[in-house]
Structures are given as structure tokens and as C-alpha cells.
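Engineer: Pasting a structure below so you can have a look.
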Amino acid sequence: MGKIDNNKQMKRESLLDSAFSLFIDNGFNKTSISDIVNNAGVAKGTFYLYFKDKFDIRDKLIADKARQVFCRALEEMNRVQLDSLEDHVIFLINSVINQLNQNKNLLKFISKNLSWGFFQKALLLENNEDGDSFYQRYYLLLDQSGRMFRNPDLMLYMIVEFVNSTCHSVILQQQPVTLEELKPELAGVICDIIHRQEIR
């Protein structure tokens, strides 16, 4: 990457970081484009080189944050030896949960704004350090399992939505149980979802 490209990337990242900080602190509706550029230390015109409007930067920020979380989960999975498809999926989900537990602001932002469309786009586009996307790895795990599934996209959607909805209150409010109490229950339901989708 040349110096000019590097500077452009740094400005884009600065705007994304600024927007994330302000959206968390002030809320999306109370944050203006002027607030974002002032906090980032760039001219207002620079904003429009990278983003159409405030909704566009929010959407790109959601996708970027989701990609980072799932790529880190993949990188962690690459360092361990796992056997079954269920073991792989549960490992990935636990990695995601642990990351969100360590960064509660990220949990609030992603879970409040992440739709399936954004989620799917994020997983399709981002490459991890091995050059493949989370979505590609998911399908590779299914292939390697030697098993057939009725609707792999629906299976992934149900797992993600279930984990997202159950973890939110547990992580933020420790209700109705602790995260450590929830994890084995999550694992059981994830296995049930996988087994129900399997063509036998």
C-alpha cells in the first residue's frame, strides 16, 4: 500500500473510530456528521469521500465490527484441534461471546443494529489471515463433516439469532443467570439446531 492509499485508509479508520465512540457515548440520533469529523480531526468534505451519510457510516461500522469479531474467532479456532462440526461451531460461538463480554459497548452497538442482511454481508466479505471468509469456512466445516443439511443458511441464522438474543441480557445484566451458567445450555441448543437440520 502506497503512502497516499495508507493516508486514505487512516482517515477512513479515524472516521469509523470517531463515529463508533460518539454513537456509543451520545447515541446515533444525537450524533451529527459535524460531530464525527470534528472528533476525527478531518474536514467535513473528507467524510463524503468515504461515506454517503450518517446511516452509511453506521452500516459500514456494523459490518466492520462484526467482521472483526468473527475473524478473530476463526483465528483462535485455527490454533486448536477440534473434532466434530458441533465442536467447531460451539468453539466459534464461545469466542464471539467472550469477545462481546470483554467489550460490552461493542455488544450494545452490534446487537442493537445488526440485521441478518448486515451479518451475512459481513461474513461473506471479510477475509481472515488465511484468506477465506467466515462464510466460506462455515461451508467448509459442513463439507468436512461429511453430513448433509437441509438449509445451512437457516441453520446459521438460527444459531446466531439465538445466541444474540440470549446473551444480551446475560452479559449486560447477569440475568437470569451468569454467562458461565448459560454457556452449556447454549451449547446444547446449538447441537439441537444442527441435529434438526441434518438430513439423515
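Letters A, B, ... go to the chains of the C-alpha cells in the order shown; residues in each chain start at 1; ligands are counted from 1 in the same order.
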Taking 3 positions as the minimum chain separation for residues in the same chain, which residues sit within 9 Å of region 44-61 of chain A when counting only C-alpha atoms? Answer as a VMD selection string.
Structural biologist: chain A and resid 11 to 12 15 to 17 19 to 20 23 28 31 to 34 36 to 38 64 to 66 113 to 114 118
Engineer: Run DSSP on the backbone and tell me which residues of region 17-175 of chain A come out as alpha helix (DSSP H); list them as JSON, numbers by chain.
Structural biologist: {"A": [17, 18, 19, 20, 21, 22, 23, 24, 25, 26, 33, 34, 35, 36, 37, 38, 39, 40, 44, 45, 46, 47, 48, 49, 50, 54, 55, 56, 57, 58, 59, 60, 61, 62, 63, 64, 65, 66, 67, 68, 69, 70, 71, 72, 73, 74, 75, 76, 77, 85, 86, 87, 88, 89, 90, 91, 92, 93, 94, 95, 96, 97, 98, 99, 100, 101, 102, 104, 105, 106, 107, 108, 109, 110, 111, 112, 113, 116, 117, 118, 119, 120, 121, 122, 123, 124, 125, 134, 135, 136, 137, 138, 139, 140, 141, 142, 143, 144, 145, 152, 153, 154, 155, 156, 157, 158, 159, 160, 161, 162, 163, 164, 165, 166, 167, 168, 169, 170, 171, 172, 173]}
Engineer: Please identify all polymer residues within 12 Å of Leu154 (chain A), counting only C-alpha atoms, omitting same-chain residues fewer than 5 positions from it, and present them as a ChimeraX atom specification.
Structural biologist: /A:116,120,149,159-162,193-194,196-198
Engineer: Write a file of the just-selected residues containing C-alpha atoms, as a PDB file, in the first residue's frame.
Structural biologist:
```pdb
ATOM      1  CA  TRP A 116     -29.322 -10.735   9.164  1.00  0.00           C
ATOM      2  CA  GLN A 120     -24.459 -12.170   6.077  1.00  0.00           C
ATOM      3  CA  PHE A 149     -28.108 -30.301   5.937  1.00  0.00           C
ATOM      4  CA  ILE A 159     -27.753 -20.144  15.845  1.00  0.00           C
ATOM      5  CA  VAL A 160     -26.694 -16.501  15.523  1.00  0.00           C
ATOM      6  CA  GLU A 161     -30.114 -15.100  16.437  1.00  0.00           C
ATOM      7  CA  PHE A 162     -30.481 -17.452  19.399  1.00  0.00           C
ATOM      8  CA  ILE A 193     -30.369 -26.939  15.926  1.00  0.00           C
ATOM      9  CA  ILE A 194     -27.607 -28.701  13.985  1.00  0.00           C
ATOM     10  CA  ARG A 196     -32.639 -30.916  13.465  1.00  0.00           C
ATOM     11  CA  GLN A 197     -31.225 -29.537  10.215  1.00  0.00           C
ATOM     12  CA  GLU A 198     -29.265 -32.701   9.377  1.00  0.00           C
TER      13      GLU A 198
END
```
Engineer: Considering only C-alpha atoms, state which residue in the set A:Phe134, A:Leu22, A:His195, A:Lys104 is at the smallest distance from Glu75 (chain A).
Structural biologist: A:Phe134
Engineer: Any idea what's packed within 10 Å of Asn101 (chain A), counting only C-alpha atoms, ignoring anything in its chain fewer than 4 positions away? Could you give it as number ranges by chain?
Structural biologist: A: 95-97, 105-107, 167-168, 170-172, 179
Engineer: Using only C-alpha atoms, which of A:Lys108, A:Arg67, A:Lys30, A:Arg72 sits nearest Asn164 (chain A)?
Structural biologist: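 Of A:Lys108, A:Arg67, A:Lys30, A:Arg72, the one nearest Asn164 (chain A) is A:Lys108, counting only C-alpha atoms.
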Engineer: Measuring atom to atom with only C-alpha atoms, identify which of A:Val69, A:Ala40, A:Asp83, A:Leu74 is nearest to Ile110 (chain A).
Structural biologist: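 Ranked by minimum distance to Ile110 (chain A), first place goes to A:Val69.
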